[in-house]
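Shown below: data-v6.txt, with compact mmCIF, C-alpha atoms.
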```
# COMPACT_ATOMS: atom_id res chain seq x y z
CA MET D 1 17.37 -9.95 -16.71
CA SER D 2 17.85 -13.28 -18.42
CA MET D 3 17.53 -15.04 -15.05
CA TYR D 4 13.98 -13.79 -14.57
CA SER D 5 11.15 -16.25 -15.12
CA GLY D 6 8.14 -15.06 -17.08
CA LEU D 7 6.26 -14.43 -13.82
CA ILE D 8 9.03 -12.39 -12.21
CA ARG D 9 9.43 -10.43 -15.42
CA VAL D 10 5.71 -9.51 -15.30
CA MET D 11 6.01 -8.41 -11.67
CA GLU D 12 9.23 -6.46 -12.20
CA ARG D 13 7.86 -4.68 -15.26
CA ALA D 14 4.75 -3.60 -13.34
CA ALA D 15 6.83 -2.43 -10.37
CA ARG D 16 9.17 -0.41 -12.58
CA LYS D 17 6.29 1.28 -14.35
CA ALA D 18 4.66 2.29 -11.08
CA GLY D 19 8.05 3.13 -9.58
CA GLY D 20 8.88 5.60 -12.32
CA ARG D 21 5.83 7.64 -11.46
CA LEU D 22 6.65 7.47 -7.74
CA ARG D 23 10.15 8.80 -8.45
CA ARG D 24 8.70 11.76 -10.32
CA ASP D 25 6.15 12.48 -7.60
CA PHE D 26 8.80 12.14 -4.90
CA GLY D 27 10.72 14.97 -6.54
CA GLU D 28 7.70 17.22 -6.05
CA VAL D 29 6.42 15.77 -2.80
CA GLU D 30 5.47 19.18 -1.43
CA HIS D 31 2.88 19.56 -4.21
CA LEU D 32 1.12 16.24 -3.56
CA GLN D 33 -2.53 16.29 -2.62
CA VAL D 34 -2.83 14.30 0.59
CA SER D 35 -5.90 13.09 2.44
CA ARG D 36 -6.20 11.55 5.91
CA LYS D 37 -7.49 7.97 6.08
CA GLY D 38 -6.95 7.48 9.80
CA PRO D 39 -4.87 8.68 12.74
CA ALA D 40 -1.31 9.37 11.55
CA ASP D 41 -2.05 7.29 8.45
CA PHE D 42 -1.91 9.12 5.14
CA VAL D 43 -2.71 8.17 1.61
CA SER D 44 -1.49 10.28 -1.28
CA LYS D 45 -2.54 10.58 -4.86
CA ALA D 46 0.84 9.08 -5.71
CA ASP D 47 -0.05 5.97 -3.69
CA GLN D 48 -3.40 5.62 -5.47
CA ILE D 49 -1.94 6.13 -8.93
CA ALA D 50 0.82 3.60 -8.25
CA GLU D 51 -1.75 1.02 -7.16
CA ARG D 52 -3.84 1.62 -10.26
CA THR D 53 -0.77 1.22 -12.47
CA LEU D 54 0.16 -2.05 -10.77
CA TYR D 55 -3.41 -3.32 -10.99
CA ASP D 56 -3.70 -2.52 -14.70
CA GLU D 57 -0.32 -4.08 -15.57
CA LEU D 58 -0.83 -7.25 -13.54
CA LEU D 59 -4.44 -7.68 -14.69
CA HIS D 60 -3.36 -7.37 -18.30
CA ALA D 61 -0.70 -10.06 -17.80
CA ARG D 62 -2.87 -12.44 -15.73
CA PRO D 63 -6.54 -11.50 -16.35
CA ASP D 64 -7.97 -14.37 -14.28
CA TRP D 65 -5.95 -13.75 -11.10
CA GLY D 66 -7.41 -12.02 -8.07
CA PHE D 67 -5.92 -9.21 -5.98
CA VAL D 68 -5.37 -8.14 -2.40
CA LEU D 69 -4.68 -4.40 -2.60
CA GLU D 70 -3.83 -1.99 0.21
CA GLU D 71 -6.20 0.68 -1.09
CA GLY D 72 -8.56 -1.31 -3.30
CA GLY D 73 -9.22 -4.25 -1.00
CA THR D 74 -9.78 -7.81 -2.17
CA ILE D 75 -10.81 -8.42 -5.78
CA GLU D 76 -11.79 -12.00 -6.48
CA GLY D 77 -10.43 -13.86 -9.49
CA ASP D 78 -10.56 -17.48 -10.61
CA PRO D 79 -10.36 -19.39 -7.29
CA THR D 80 -8.19 -22.06 -8.91
CA LYS D 81 -5.55 -19.49 -9.93
CA PRO D 82 -3.05 -17.53 -7.81
CA ARG D 83 -3.70 -14.01 -6.60
CA TRP D 84 -1.57 -10.89 -6.31
CA ILE D 85 -0.85 -9.26 -2.93
CA VAL D 86 0.19 -5.67 -3.60
CA ASP D 87 1.50 -2.75 -1.57
CA PRO D 88 1.98 0.15 -4.00
CA LEU D 89 3.90 2.32 -1.54
CA ASP D 90 5.33 0.77 1.60
CA GLY D 91 6.75 3.67 3.57
CA THR D 92 4.11 6.29 2.76
CA SER D 93 5.09 8.48 5.70
CA ASN D 94 8.72 8.43 4.58
CA PHE D 95 7.62 9.36 1.07
CA LEU D 96 5.49 12.26 2.23
CA HIS D 97 8.27 13.61 4.45
CA GLY D 98 10.83 13.49 1.63
CA ILE D 99 12.73 10.51 3.07
CA PRO D 100 13.96 8.30 0.19
CA HIS D 101 13.20 4.97 1.85
CA PHE D 102 10.09 3.30 0.44
CA ALA D 103 9.22 0.42 -1.85
CA ILE D 104 6.67 -1.35 -4.00
CA SER D 105 5.88 -4.89 -2.85
CA ILE D 106 4.23 -7.59 -4.99
CA ALA D 107 3.68 -11.24 -4.09
CA ALA D 108 1.98 -14.14 -5.86
CA GLN D 109 0.05 -16.51 -3.58
CA GLU D 110 -1.19 -19.95 -4.59
CA PRO D 111 -4.67 -21.29 -3.80
CA LYS D 112 -5.08 -24.36 -1.60
CA PRO D 113 -6.75 -27.33 -3.35
CA GLY D 114 -9.60 -27.41 -0.81
CA GLY D 115 -10.10 -23.66 -0.73
CA GLY D 116 -8.35 -20.77 0.91
CA TRP D 117 -4.83 -19.53 0.26
CA GLY D 118 -1.47 -21.18 0.69
CA GLU D 119 2.14 -20.63 -0.29
CA VAL D 120 3.66 -17.45 -1.64
CA THR D 121 5.70 -18.60 -4.63
CA ALA D 122 7.01 -15.36 -6.16
CA ALA D 123 7.95 -11.96 -4.77
CA VAL D 124 9.28 -8.62 -5.96
CA ILE D 125 10.25 -5.66 -3.76
CA TYR D 126 11.29 -2.64 -5.81
CA GLN D 127 13.06 0.41 -4.36
CA PRO D 128 12.42 3.17 -6.94
CA ILE D 129 14.97 5.71 -5.70
CA LEU D 130 17.90 3.26 -5.84
CA ASP D 131 16.37 1.34 -8.78
CA GLU D 132 16.86 -1.94 -6.92
CA THR D 133 14.78 -5.04 -7.58
CA TYR D 134 14.74 -7.67 -4.86
CA TRP D 135 13.04 -10.85 -6.02
CA ALA D 136 12.50 -14.45 -5.03
CA GLU D 137 10.78 -17.55 -6.33
CA LYS D 138 10.11 -20.67 -4.33
CA SER D 139 13.09 -23.05 -4.62
CA ARG D 140 15.00 -20.57 -6.83
CA GLY D 141 16.53 -18.46 -4.08
CA ALA D 142 16.45 -14.76 -3.30
CA TRP D 143 18.15 -12.16 -5.44
CA LEU D 144 19.01 -8.48 -5.83
CA GLN D 145 18.95 -8.09 -9.60
CA ASP D 146 21.33 -10.91 -10.62
CA ALA D 147 23.19 -11.22 -7.29
CA ARG D 148 22.23 -14.14 -5.05
CA LEU D 149 21.24 -13.17 -1.51
CA ARG D 150 22.00 -15.00 1.72
CA VAL D 151 21.09 -14.04 5.25
CA SER D 152 24.01 -13.11 7.47
CA ALA D 153 26.09 -15.71 9.28
CA ARG D 154 26.14 -13.86 12.60
CA SER D 155 25.21 -16.14 15.47
CA HIS D 156 25.90 -13.99 18.54
CA LEU D 157 23.25 -11.57 19.73
CA SER D 158 25.97 -9.11 20.71
CA ASP D 159 26.93 -8.81 17.02
CA ALA D 160 23.37 -8.62 15.69
CA LEU D 161 21.63 -5.63 14.16
CA ILE D 162 17.86 -5.98 14.54
CA ALA D 163 15.14 -4.10 12.66
CA THR D 164 11.68 -3.34 13.98
CA GLY D 165 8.65 -1.15 13.51
CA ILE D 166 7.72 1.07 16.43
CA PRO D 167 4.00 1.51 17.27
CA PHE D 168 2.70 4.98 16.53
CA HIS D 169 -0.46 6.99 17.03
CA GLY D 170 -3.44 4.69 16.50
CA HIS D 171 -1.36 1.69 15.42
CA GLY D 172 0.30 -1.17 17.26
CA ASP D 173 0.67 -2.38 20.82
CA PHE D 174 3.20 -0.12 22.51
CA GLU D 175 3.21 -2.12 25.75
CA GLU D 176 4.03 -5.34 23.89
CA TRP D 177 6.71 -3.63 21.83
CA SER D 178 8.25 -2.00 24.90
CA LYS D 179 8.61 -5.37 26.66
CA ILE D 180 10.37 -6.89 23.63
CA PHE D 181 12.58 -3.84 23.20
CA ALA D 182 13.56 -3.83 26.89
CA ALA D 183 14.61 -7.49 26.66
CA THR D 184 16.31 -7.25 23.27
CA GLY D 185 18.02 -3.85 23.29
CA PRO D 186 20.66 -4.56 25.94
CA GLN D 187 21.61 -7.86 24.26
CA VAL D 188 22.19 -6.80 20.65
CA ALA D 189 24.53 -4.51 18.73
CA GLY D 190 21.72 -2.19 17.69
CA ILE D 191 18.05 -1.78 16.82
CA ARG D 192 16.87 0.15 13.78
CA ARG D 193 13.48 1.49 12.68
CA TYR D 194 13.34 2.74 9.08
CA GLY D 195 9.60 2.69 8.44
CA ALA D 196 9.17 0.20 5.56
CA ALA D 197 8.71 -3.44 6.60
CA SER D 198 9.16 -4.78 3.07
CA LEU D 199 12.64 -3.25 2.86
CA ASP D 200 13.50 -4.38 6.40
CA LEU D 201 12.82 -7.96 5.30
CA ALA D 202 14.68 -7.49 2.00
CA TRP D 203 17.68 -6.15 3.92
CA LEU D 204 17.48 -9.12 6.27
CA ALA D 205 17.59 -11.43 3.25
CA GLN D 206 20.58 -9.42 2.01
CA GLY D 207 22.45 -9.79 5.32
CA ARG D 208 22.31 -6.12 6.29
CA PHE D 209 20.01 -6.91 9.21
CA ASP D 210 20.26 -10.08 11.29
CA GLY D 211 16.71 -10.11 12.64
CA PHE D 212 13.35 -8.34 12.53
CA TRP D 213 10.24 -8.20 14.66
CA GLU D 214 6.97 -6.32 14.37
CA SER D 215 3.27 -6.85 14.99
CA GLY D 216 0.09 -5.30 13.65
CA LEU D 217 1.10 -5.30 10.00
CA ASN D 218 -0.94 -6.40 6.97
CA ASP D 219 -0.34 -9.15 4.42
CA TRP D 220 0.70 -6.65 1.74
CA ASP D 221 3.46 -5.36 4.04
CA THR D 222 5.14 -8.74 4.49
CA ALA D 223 4.01 -11.29 1.87
CA ALA D 224 6.94 -10.65 -0.48
CA GLY D 225 9.46 -10.14 2.31
CA CYS D 226 8.62 -13.42 4.04
CA LEU D 227 9.49 -15.35 0.88
CA LEU D 228 12.69 -13.36 0.34
CA VAL D 229 13.95 -14.17 3.84
CA ARG D 230 13.11 -17.86 3.55
CA GLU D 231 14.68 -18.21 0.11
CA ALA D 232 17.80 -16.47 1.45
CA GLY D 233 18.12 -19.15 4.16
CA GLY D 234 16.35 -17.40 7.04
CA PHE D 235 13.37 -18.26 9.21
CA VAL D 236 10.04 -16.43 9.60
CA THR D 237 7.49 -17.25 12.30
CA ASP D 238 4.96 -15.59 14.55
CA PHE D 239 5.82 -14.81 18.19
CA ARG D 240 4.80 -18.32 19.23
CA GLY D 241 7.18 -19.93 16.76
CA ARG D 242 4.54 -21.07 14.27
CA SER D 243 5.34 -20.85 10.58
CA GLU D 244 2.74 -19.79 8.00
CA PRO D 245 3.16 -18.63 4.37
CA ILE D 246 2.59 -15.00 5.40
CA HIS D 247 3.13 -13.43 8.79
CA SER D 248 1.77 -9.96 9.40
CA ALA D 249 -0.09 -9.87 12.73
CA GLN D 250 3.17 -11.02 14.33
CA VAL D 251 6.48 -11.33 12.51
CA LEU D 252 9.75 -12.67 13.88
CA ALA D 253 12.40 -13.17 11.19
CA ALA D 254 16.10 -13.88 11.50
CA ASN D 255 18.98 -15.88 10.15
CA ASP D 256 19.23 -19.53 11.14
CA GLY D 257 21.73 -18.87 13.93
CA LEU D 258 19.71 -16.20 15.70
CA HIS D 259 16.03 -16.99 15.23
CA SER D 260 15.75 -19.42 18.15
CA LYS D 261 17.68 -17.05 20.44
CA LEU D 262 15.46 -14.10 19.54
CA HIS D 263 12.35 -16.24 19.89
CA LYS D 264 13.37 -17.40 23.36
CA MET D 265 14.08 -13.80 24.39
CA LEU D 266 10.79 -12.57 22.98
CA VAL D 267 8.75 -15.29 24.69
CA GLY D 268 10.42 -14.50 28.00
CA ALA D 269 9.72 -10.80 27.58
CA LEU D 270 6.02 -11.31 26.89
CA LYS D 271 5.59 -13.67 29.85
CA GLY D 272 6.83 -10.97 32.20
```

Show how you would write the structure in this file as structure tokens.
Amino acid sequence: MSMYSGLIRVMERAARKAGGRLRRDFGEVEHLQVSRKGPADFVSKADQIAERTLYDELLHARPDWGFVLEEGGTIEGDPTKPRWIVDPLDGTSNFLHGIPHFAISIAAQEPKPGGGWGEVTAAVIYQPILDETYWAEKSRGAWLQDARLRVSARSHLSDALIATGIPFHGHGDFEEWSKIFAATGPQVAGIRRYGAASLDLAWLAQGRFDGFWESGLNDWDTAAGCLLVREAGGFVTDFRGRSEPIHSAQVLAANDGLHSKLHKMLVGALKG
């Protein structure tokens, strides 16, 4: 705890408060009131309550900062101050099916001097069931609690374990994904889909995964994870190899020895 800056402490405290409620609700998931907000896309009362808790805690700590919220949308703050990018429950479908793989994701994004939004400078991804806090700050590295994280050192595709998100009903481009999968699957040690992009990226930063690709996400899914991977020594780009502070429409992340190989494979697959 003593390693945490004041900003990370604020973020971690908010995540833990919301996470405690999610843990309790997860234990009674069959009693949750659930509404449909789109094809195969659910939002639960637990999700809404977690977002409200995060909003209240972060607003209290930084009253002039704005928000980008999964459920609540964009709330403008002082344009000269950072803003929060918040996913209160990444892995909602896992949560609602009783699968203990979901997370809270919070990122702090800096404004650009001339307007608009720039670098993500702080990130927290909290896994409530395991009580694990992944965090990163720009130029301070990536961490799991007080343990420094580094991406894996694997450099051969045949040794690599790659994470992805598979398109599902009403979401994603299945044709695009199928082309990438067909090119990648035979070349790597395995491909995994666990259903929470924030944790996929945290596990990549931790060295559990060696690469990750997905498209059709939102900023709140990846903002914190992008910083974690970079601060752990990895690379994050879009499918064309361009690097931005946040990638969500297209994300290709990997350690330094595999990113260029995966990118070359992906480009070849999409040209076909």

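With all atoms listed in the file as the atoms that count, the residue of D:Val151, D:Leu199, D:Leu270, D:Val188 with the shortest distance to Ala254 of chain D is D:Val151.
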
For atom CA of Ala147 of chain D and atom CA of Asn218 of chain D, the interatomic separation in Å (one decimal):
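We find that atom CA of Ala147 of chain D and atom CA of Asn218 of chain D lie 28.4 Å from each other.
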
Check the smallest atom-to-atom distance from each of D:Pro245, D:Gly141, D:Gly72, D:Gly165 to Gly195 of chain D using only C-alpha atoms, then report the winner.
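Ranked by minimum distance to Gly195 of chain D, first place goes to D:Gly165.
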
Do a neighbour search on Ala15 of chain D at 10 Å with all atoms listed in the file, toss out local chain neighbours closer than 4 positions, and write the hits as a VMD selection string.
chain D and resid 9 to 11 19 to 20 50 to 51 53 to 54 57 to 58 88 103 to 106 124 to 128 133

Smallest atom-to-atom distance to Ala46 of chain D: which of D:Arg13, D:His263, D:Arg23, D:His60, using all atoms listed in the file?
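Residue with the minimum atom-to-atom distance to Ala46 of chain D: D:Arg23.
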
Which residue gives the smallest distance to Asp200 of chain D among D:Asp64, D:Asp90, D:Glu70, D:Glu137, with all atoms listed in the file counted?
D:Asp90

So, with only C-alpha atoms as the atoms that count, which of D:Asp159, D:Glu214, D:Asp56, D:Glu71 lies closest to Ser44 of chain D?
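Result for the nearest residue to Ser44 of chain D: D:Glu71.
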